[in-house]
file work14.pdb (PDB, C-alpha atoms, pLDDT in the B column)
MODEL        1
ATOM      1  CA  MET T   1     -15.111  -7.340  22.471  1.00 85.00           C
ATOM      2  CA  ARG T   2     -17.157  -6.311  19.500  1.00 84.00           C
ATOM      3  CA  ARG T   3     -18.895  -3.677  21.606  1.00 89.00           C
ATOM      4  CA  VAL T   4     -15.577  -2.280  22.844  1.00 88.00           C
ATOM      5  CA  LEU T   5     -14.353  -1.967  19.255  1.00 90.00           C
ATOM      6  CA  TRP T   6     -17.595  -0.436  17.966  1.00 87.00           C
ATOM      7  CA  ASP T   7     -17.681   2.071  20.815  1.00 87.00           C
ATOM      8  CA  TYR T   8     -14.549   3.553  19.217  1.00 89.00           C
ATOM      9  CA  GLU T   9     -16.219   5.998  16.807  1.00 89.00           C
ATOM     10  CA  PRO T  10     -13.579   6.000  14.006  1.00 88.00           C
ATOM     11  CA  LEU T  11     -13.925   2.232  13.583  1.00 88.00           C
ATOM     12  CA  ARG T  12     -17.702   2.382  13.539  1.00 87.00           C
ATOM     13  CA  ALA T  13     -17.861   5.419  11.242  1.00 91.00           C
ATOM     14  CA  SER T  14     -15.445   3.903   8.710  1.00 90.00           C
ATOM     15  CA  HIS T  15     -17.430   0.648   8.541  1.00 90.00           C
ATOM     16  CA  ALA T  16     -14.382  -1.385   9.480  1.00 90.00           C
ATOM     17  CA  GLU T  17     -14.633  -5.113   8.779  1.00 91.00           C
ATOM     18  CA  ILE T  18     -13.312  -6.790  11.910  1.00 93.00           C
ATOM     19  CA  PHE T  19     -13.582 -10.489  12.670  1.00 95.00           C
ATOM     20  CA  ILE T  20     -12.734 -11.653  16.178  1.00 94.00           C
ATOM     21  CA  ASP T  21     -11.482 -15.151  16.925  1.00 94.00           C
ATOM     22  CA  VAL T  22     -11.085 -16.145  20.574  1.00 93.00           C
ATOM     23  CA  GLN T  23      -9.169 -19.183  21.695  1.00 93.00           C
ATOM     24  CA  GLY T  24      -8.802 -19.370  25.450  1.00 92.00           C
ATOM     25  CA  ASP T  25      -7.397 -16.021  26.568  1.00 92.00           C
ATOM     26  CA  GLU T  26      -5.905 -15.181  23.152  1.00 95.00           C
ATOM     27  CA  VAL T  27      -7.700 -13.025  20.596  1.00 95.00           C
ATOM     28  CA  ARG T  28      -7.048 -12.804  16.879  1.00 96.00           C
ATOM     29  CA  LEU T  29      -8.292  -9.774  14.927  1.00 96.00           C
ATOM     30  CA  ARG T  30      -8.803 -10.192  11.179  1.00 96.00           C
ATOM     31  CA  GLY T  31     -10.334  -7.978   8.537  1.00 95.00           C
ATOM     32  CA  ARG T  32      -9.830  -4.487   7.159  1.00 95.00           C
ATOM     33  CA  VAL T  33      -9.574  -0.986   8.561  1.00 95.00           C
ATOM     34  CA  ARG T  34      -9.027   2.382   6.885  1.00 95.00           C
ATOM     35  CA  THR T  35      -5.896   3.581   8.695  1.00 94.00           C
ATOM     36  CA  MET T  36      -2.819   2.335  10.509  1.00 95.00           C
ATOM     37  CA  PRO T  37      -3.863   4.145  13.723  1.00 94.00           C
ATOM     38  CA  GLN T  38      -7.212   2.310  13.619  1.00 94.00           C
ATOM     39  CA  LYS T  39      -5.336  -0.980  13.308  1.00 95.00           C
ATOM     40  CA  LEU T  40      -3.131  -0.193  16.299  1.00 94.00           C
ATOM     41  CA  ILE T  41      -5.950   1.209  18.448  1.00 94.00           C
ATOM     42  CA  ALA T  42      -8.167  -1.833  17.791  1.00 94.00           C
ATOM     43  CA  SER T  43      -5.401  -4.060  19.089  1.00 93.00           C
ATOM     44  CA  GLY T  44      -4.834  -1.805  22.105  1.00 93.00           C
ATOM     45  CA  LEU T  45      -8.526  -1.736  23.003  1.00 93.00           C
ATOM     46  CA  VAL T  46      -8.711  -5.518  23.046  1.00 94.00           C
ATOM     47  CA  GLU T  47      -5.405  -5.918  24.935  1.00 92.00           C
ATOM     48  CA  ARG T  48      -6.808  -3.807  27.794  1.00 92.00           C
ATOM     49  CA  MET T  49      -9.783  -6.108  28.310  1.00 91.00           C
ATOM     50  CA  PRO T  50      -9.754  -8.360  31.353  1.00 91.00           C
ATOM     51  CA  ASP T  51      -8.986 -12.016  30.656  1.00 90.00           C
ATOM     52  CA  VAL T  52      -7.136 -11.227  27.406  1.00 92.00           C
ATOM     53  CA  SER T  53      -3.498 -12.300  27.574  1.00 93.00           C
ATOM     54  CA  ALA T  54      -2.491 -11.778  23.948  1.00 94.00           C
ATOM     55  CA  VAL T  55      -3.786 -10.216  20.749  1.00 95.00           C
ATOM     56  CA  VAL T  56      -2.730 -11.304  17.279  1.00 96.00           C
ATOM     57  CA  ASN T  57      -3.450  -8.349  15.017  1.00 95.00           C
ATOM     58  CA  GLU T  58      -3.978  -9.522  11.435  1.00 96.00           C
ATOM     59  CA  LEU T  59      -6.003  -6.472  10.435  1.00 96.00           C
ATOM     60  CA  ILE T  60      -5.081  -4.989   7.073  1.00 96.00           C
ATOM     61  CA  ALA T  61      -5.040  -1.202   6.825  1.00 96.00           C
ATOM     62  CA  ASP T  62      -5.704   0.498   3.495  1.00 96.00           C
ATOM     63  CA  PRO T  63      -2.270   2.205   3.430  1.00 97.00           C
ATOM     64  CA  GLU T  64      -0.667  -1.251   3.569  1.00 97.00           C
ATOM     65  CA  VAL T  65      -2.674  -2.282   0.504  1.00 97.00           C
ATOM     66  CA  VAL T  66      -1.742   0.908  -1.365  1.00 97.00           C
ATOM     67  CA  ARG T  67       1.945   0.393  -0.580  1.00 97.00           C
ATOM     68  CA  ALA T  68       1.902  -3.256  -1.674  1.00 97.00           C
ATOM     69  CA  VAL T  69       0.193  -2.433  -4.990  1.00 97.00           C
ATOM     70  CA  ALA T  70       2.425   0.577  -5.682  1.00 96.00           C
ATOM     71  CA  ASP T  71       5.517  -1.530  -4.977  1.00 96.00           C
ATOM     72  CA  ALA T  72       4.296  -4.292  -7.305  1.00 96.00           C
ATOM     73  CA  LEU T  73       3.604  -1.787 -10.103  1.00 96.00           C
ATOM     74  CA  ALA T  74       7.016  -0.173  -9.623  1.00 94.00           C
ATOM     75  CA  GLN T  75       8.767  -3.553  -9.844  1.00 94.00           C
ATOM     76  CA  ASP T  76       7.176  -4.553 -13.144  1.00 94.00           C
ATOM     77  CA  GLU T  77       8.998  -3.183 -16.203  1.00 92.00           C
ATOM     78  CA  ARG T  78       5.708  -2.742 -18.096  1.00 93.00           C
ATOM     79  CA  THR T  79       4.157  -0.395 -15.528  1.00 94.00           C
ATOM     80  CA  ALA T  80       7.164   1.106 -13.734  1.00 93.00           C
ATOM     81  CA  PRO T  81       7.677   4.049 -16.133  1.00 92.00           C
ATOM     82  CA  TYR T  82       4.143   5.395 -15.599  1.00 93.00           C
ATOM     83  CA  VAL T  83       2.520   7.385 -12.826  1.00 92.00           C
ATOM     84  CA  ILE T  84      -0.314   5.196 -11.637  1.00 96.00           C
ATOM     85  CA  ARG T  85      -2.245   6.471  -8.638  1.00 97.00           C
ATOM     86  CA  VAL T  86      -3.382   3.723  -6.289  1.00 98.00           C
ATOM     87  CA  GLU T  87      -6.259   4.144  -3.841  1.00 97.00           C
ATOM     88  CA  SER T  88      -7.786   1.552  -1.534  1.00 97.00           C
ATOM     89  CA  ARG T  89     -10.916   1.316   0.558  1.00 95.00           C
ATOM     90  CA  HIS T  90     -11.294  -1.925   2.485  1.00 94.00           C
ATOM     91  CA  GLY T  91      -9.209  -3.781  -0.105  1.00 93.00           C
ATOM     92  CA  LEU T  92     -11.070  -2.423  -3.126  1.00 96.00           C
ATOM     93  CA  VAL T  93      -8.240  -0.893  -5.148  1.00 98.00           C
ATOM     94  CA  SER T  94      -8.730   1.846  -7.732  1.00 98.00           C
ATOM     95  CA  LEU T  95      -6.063   2.577 -10.346  1.00 98.00           C
ATOM     96  CA  ARG T  96      -5.983   6.003 -11.983  1.00 97.00           C
ATOM     97  CA  GLY T  97      -3.661   7.696 -14.427  1.00 94.00           C
ATOM     98  CA  GLU T  98      -2.640   7.496 -18.054  1.00 94.00           C
ATOM     99  CA  VAL T  99      -0.821   4.674 -19.816  1.00 94.00           C
ATOM    100  CA  PRO T 100       0.008   4.385 -23.534  1.00 93.00           C
ATOM    101  CA  SER T 101      -1.815   1.147 -24.378  1.00 94.00           C
ATOM    102  CA  GLN T 102      -4.552  -1.265 -23.408  1.00 95.00           C
ATOM    103  CA  ALA T 103      -1.863  -3.899 -22.858  1.00 95.00           C
ATOM    104  CA  ILE T 104      -0.269  -1.825 -20.102  1.00 95.00           C
ATOM    105  CA  GLN T 105      -3.692  -0.923 -18.745  1.00 96.00           C
ATOM    106  CA  GLY T 106      -4.493  -4.633 -18.459  1.00 96.00           C
ATOM    107  CA  ALA T 107      -1.074  -5.462 -17.049  1.00 96.00           C
ATOM    108  CA  ALA T 108      -1.531  -2.885 -14.280  1.00 97.00           C
ATOM    109  CA  ALA T 109      -4.896  -4.365 -13.327  1.00 97.00           C
ATOM    110  CA  GLY T 110      -3.446  -7.879 -13.340  1.00 97.00           C
ATOM    111  CA  ILE T 111      -0.455  -6.878 -11.217  1.00 97.00           C
ATOM    112  CA  ALA T 112      -2.718  -5.150  -8.686  1.00 98.00           C
ATOM    113  CA  ALA T 113      -5.112  -8.109  -8.562  1.00 97.00           C
ATOM    114  CA  ALA T 114      -2.217 -10.478  -7.842  1.00 97.00           C
ATOM    115  CA  VAL T 115      -1.282  -8.632  -4.619  1.00 97.00           C
ATOM    116  CA  PRO T 116      -2.499 -10.860  -1.747  1.00 96.00           C
ATOM    117  CA  THR T 117      -4.083  -8.036   0.286  1.00 95.00           C
ATOM    118  CA  VAL T 118      -6.234  -6.818  -2.643  1.00 97.00           C
ATOM    119  CA  ALA T 119      -9.882  -7.887  -2.713  1.00 95.00           C
ATOM    120  CA  THR T 120     -10.989  -6.220  -5.971  1.00 96.00           C
ATOM    121  CA  VAL T 121      -9.477  -3.914  -8.602  1.00 97.00           C
ATOM    122  CA  ARG T 122     -11.248  -1.090 -10.380  1.00 97.00           C
ATOM    123  CA  ASN T 123      -9.239   0.011 -13.380  1.00 97.00           C
ATOM    124  CA  TYR T 124      -9.840   3.676 -14.186  1.00 97.00           C
ATOM    125  CA  LEU T 125      -6.607   4.038 -16.178  1.00 96.00           C
ATOM    126  CA  THR T 126      -6.992   5.904 -19.448  1.00 94.00           C
ATOM    127  CA  VAL T 127      -5.133   5.042 -22.620  1.00 93.00           C
ATOM    128  CA  GLY T 128      -3.125   7.874 -24.151  1.00 88.00           C
ATOM    129  CA  GLY T 129       0.301   9.443 -24.111  1.00 75.00           C
ATOM    130  CA  ASP T 130       3.627   8.154 -25.317  1.00 75.00           C
ATOM    131  CA  PRO T 131       5.223   4.870 -24.319  1.00 77.00           C
ATOM    132  CA  ARG T 132       8.282   5.160 -22.107  1.00 74.00           C
ATOM    133  CA  PRO T 133      11.102   2.637 -22.146  1.00 70.00           C
ATOM    134  CA  ALA T 134      11.881   0.833 -18.914  1.00 63.00           C
ATOM    135  CA  ALA T 135      15.509   1.874 -19.423  1.00 41.00           C
ATOM    136  CA  ALA T 136      14.472   5.441 -18.578  1.00 45.00           C
ATOM    137  CA  LEU T 137      14.220   4.296 -14.969  1.00 50.00           C
ATOM    138  CA  ALA T 138      17.872   3.297 -14.730  1.00 47.00           C
ATOM    139  CA  ARG T 139      20.025   5.549 -12.583  1.00 49.00           C
ATOM    140  CA  PRO T 140      22.833   7.283 -14.418  1.00 49.00           C
ATOM    141  CA  THR T 141      26.299   5.996 -13.694  1.00 52.00           C
ATOM    142  CA  PRO T 142      28.836   8.543 -12.470  1.00 55.00           C
ATOM    143  CA  GLN T 143      31.294   9.675 -15.109  1.00 55.00           C
ATOM    144  CA  ALA T 144      34.996   9.785 -14.325  1.00 52.00           C
ATOM    145  CA  ASP T 145      35.595  13.213 -15.868  1.00 53.00           C
ATOM    146  CA  VAL T 146      32.819  14.964 -13.927  1.00 52.00           C
ATOM    147  CA  PRO T 147      34.176  16.611 -10.775  1.00 54.00           C
ATOM    148  CA  ASP T 148      32.747  15.472  -7.458  1.00 53.00           C
ATOM    149  CA  PRO T 149      30.695  18.363  -6.045  1.00 51.00           C
ATOM    150  CA  GLY T 150      31.580  17.248  -2.510  1.00 52.00           C
ATOM    151  CA  ALA T 151      35.321  17.441  -3.142  1.00 48.00           C
ATOM    152  CA  VAL T 152      37.258  20.322  -1.601  1.00 49.00           C
ATOM    153  CA  ALA T 153      38.544  22.769  -4.201  1.00 49.00           C
ATOM    154  CA  GLU T 154      42.281  23.393  -4.251  1.00 48.00           C
ATOM    155  CA  ALA T 155      43.429  26.787  -2.977  1.00 47.00           C
ATOM    156  CA  ARG T 156      44.697  29.082  -5.746  1.00 46.00           C
ATOM    157  CA  PRO T 157      47.866  31.070  -5.211  1.00 47.00           C
TER     158      PRO T 157
ENDMDL
END
call {"tool": "encode", "arguments": {"input": "work14.pdb", "output": "structure tokens"}}
result
Amino acid sequence: MRRVLWDYEPLRASHAEIFIDVQGDEVRLRGRVRTMPQKLIASGLVERMPDVSAVVNELIADPEVVRAVADALAQDERTAPYVIRVESRHGLVSLRGEVPSQAIQGAAAGIAAAVPTVATVRNYLTVGGDPRPAAALARPTPQADVPDPGAVAEARP
């Protein structure tokens, strides 16, 4: 199985970390890959092998890690108002951007580190700029006296 996976050049070239567990005719794939297509193709390659009845794909793709970290940062009121760029390579997450204080810089690193799919966090956030209140993220409520742009205008005589 390992040879079949490593014969697929994108997995080999990206230095994917794939662990293979075999129990009877079932195979479990664990580890990390760079892309979602690599995750799906790895599963497909193993499923095609003779004597394999089922594949449990527990591979983690970097875009899944990025999404999980970005979601966690967006849900925390300390970090939500700031643009924090998240990058991942095999679970090593890098945070980049500008935040107004070391407290928020540390909070962002802590939030990212708490995401289960993250292996390590590198905090490249710089301190500078103005603080932004979390209330700035609230969506405005519609006002009663503002006309609805979707409403049909009355015909004038």
call {"tool": "resolve_selection", "arguments": {"input": "work14.pdb", "expression": "the PyMOL selection byres ((chain T and resi 8) around 12)", "output": "list in words"}}
result
Met1, Arg2, Arg3, Val4, Leu5, Trp6, Asp7, Glu9, Pro10, Leu11, Arg12, Ala13, Ser14, His15, Ala16, Gln38, Lys39, Ile41, Ala42, Ser43, Gly44, Leu45 and Val46 of chain T
call {"tool": "write_last_selection", "arguments": {"input": "work14.pdb", "atoms": "C-alpha atoms", "output": "compact mmCIF listing (two decimals), keeping the file's coordinate frame"}}
result
# COMPACT_ATOMS: atom_id res chain seq x y z
CA MET T 1 -15.11 -7.34 22.47
CA ARG T 2 -17.16 -6.31 19.50
CA ARG T 3 -18.90 -3.68 21.61
CA VAL T 4 -15.58 -2.28 22.84
CA LEU T 5 -14.35 -1.97 19.26
CA TRP T 6 -17.60 -0.44 17.97
CA ASP T 7 -17.68 2.07 20.82
CA GLU T 9 -16.22 6.00 16.81
CA PRO T 10 -13.58 6.00 14.01
CA LEU T 11 -13.92 2.23 13.58
CA ARG T 12 -17.70 2.38 13.54
CA ALA T 13 -17.86 5.42 11.24
CA SER T 14 -15.44 3.90 8.71
CA HIS T 15 -17.43 0.65 8.54
CA ALA T 16 -14.38 -1.38 9.48
CA GLN T 38 -7.21 2.31 13.62
CA LYS T 39 -5.34 -0.98 13.31
CA ILE T 41 -5.95 1.21 18.45
CA ALA T 42 -8.17 -1.83 17.79
CA SER T 43 -5.40 -4.06 19.09
CA GLY T 44 -4.83 -1.80 22.10
CA LEU T 45 -8.53 -1.74 23.00
CA VAL T 46 -8.71 -5.52 23.05
call {"tool": "atom_distance", "arguments": {"input": "work14.pdb", "atom1": "atom CA of Ala80 of chain T", "atom2": "atom CA of Ala61 of chain T"}}
result
24.0 Å
call {"tool": "closest_residue", "arguments": {"input": "work14.pdb", "among": "T:Asn123, T:Glu26, T:Leu92, T:Gln105", "to": "Pro50 of chain T", "atoms": "only C-alpha atoms"}}
result
T:Glu26
call {"tool": "resolve_selection", "arguments": {"input": "work14.pdb", "expression": "the PyMOL selection byres ((chain T and resi 19) around 10)", "output": "list of chain:residue names"}}
result
T:Arg2, T:Ala16, T:Glu17, T:Ile18, T:Ile20, T:Asp21, T:Arg28, T:Leu29, T:Arg30, T:Gly31, T:Arg32, T:Glu58, T:Leu59
call {"tool": "residues_around", "arguments": {"input": "work14.pdb", "residues": "Ile104 of chain T", "least_positions_apart": "2", "cutoff": "10 Å", "atoms": "only C-alpha atoms", "output": "list in words"}}
result
Arg78, Thr79, Tyr82, Glu98, Val99, Pro100, Ser101, Gln102, Gly106, Ala107, Ala108, Ala109, Gly110, Leu125, Val127 and Pro131 of chain T
call {"tool": "atom_distance", "arguments": {"input": "work14.pdb", "atom1": "atom CA of Glu47 of chain T", "atom2": "atom CA of Val22 of chain T"}}
result
12.5 Å
call {"tool": "atom_distance", "arguments": {"input": "work14.pdb", "atom1": "atom CA of Ile60 of chain T", "atom2": "atom CA of Val83 of chain T"}}
result
24.6 Å
call {"tool": "residues_around", "arguments": {"input": "work14.pdb", "residues": "Val66 of chain T", "least_positions_apart": "6", "cutoff": "7 Å", "atoms": "all atoms listed in the file", "output": "number ranges by chain"}}
result
T: 86-88
call {"tool": "closest_residue", "arguments": {"input": "work14.pdb", "among": "T:Asp130, T:Tyr124, T:Val33, T:Asp51", "to": "Arg85 of chain T", "atoms": "all atoms listed in the file"}}
result
T:Tyr124
call {"tool": "axis_aligned_box", "arguments": {"input": "work14.pdb", "around": "segment 75-89 of chain T", "padding_each_side": "5 Å", "output": "JSON"}}
result
{"center_x": -1.0, "center_y": 1.4, "center_z": -8.8, "size_x": 29.9, "size_y": 21.9, "size_z": 28.7}
call {"tool": "closest_residue", "arguments": {"input": "work14.pdb", "among": "T:Met49, T:Val55, T:Val65, T:Ala72", "to": "Arg34 of chain T", "atoms": "all atoms listed in the file"}}
result
T:Val65
call {"tool": "closest_residue", "arguments": {"input": "work14.pdb", "among": "T:Ala74, T:Ala103, T:Val27, T:Ala112", "to": "Val56 of chain T", "atoms": "all atoms listed in the file"}}
result
T:Val27
call {"tool": "residues_near_point", "arguments": {"input": "work14.pdb", "point": "(-2.2, -8.1, 1.5)", "cutoff": "8 Å", "atoms": "all atoms listed in the file", "output": "PDB file with C-alpha atoms, in the coordinates of the input"}}
result
ATOM      1  CA  ILE T  60      -5.081  -4.989   7.073  1.00 96.00           C
ATOM      2  CA  GLU T  64      -0.667  -1.251   3.569  1.00 97.00           C
ATOM      3  CA  VAL T  65      -2.674  -2.282   0.504  1.00 97.00           C
ATOM      4  CA  ALA T  68       1.902  -3.256  -1.674  1.00 97.00           C
ATOM      5  CA  VAL T 115      -1.282  -8.632  -4.619  1.00 97.00           C
ATOM      6  CA  PRO T 116      -2.499 -10.860  -1.747  1.00 96.00           C
ATOM      7  CA  THR T 117      -4.083  -8.036   0.286  1.00 95.00           C
ATOM      8  CA  VAL T 118      -6.234  -6.818  -2.643  1.00 97.00           C
TER       9      VAL T 118
END
call {"tool": "closest_residue", "arguments": {"input": "work14.pdb", "among": "T:Val69, T:Gln75, T:Ala114, T:Arg132", "to": "Leu95 of chain T", "atoms": "all atoms listed in the file"}}
result
T:Val69
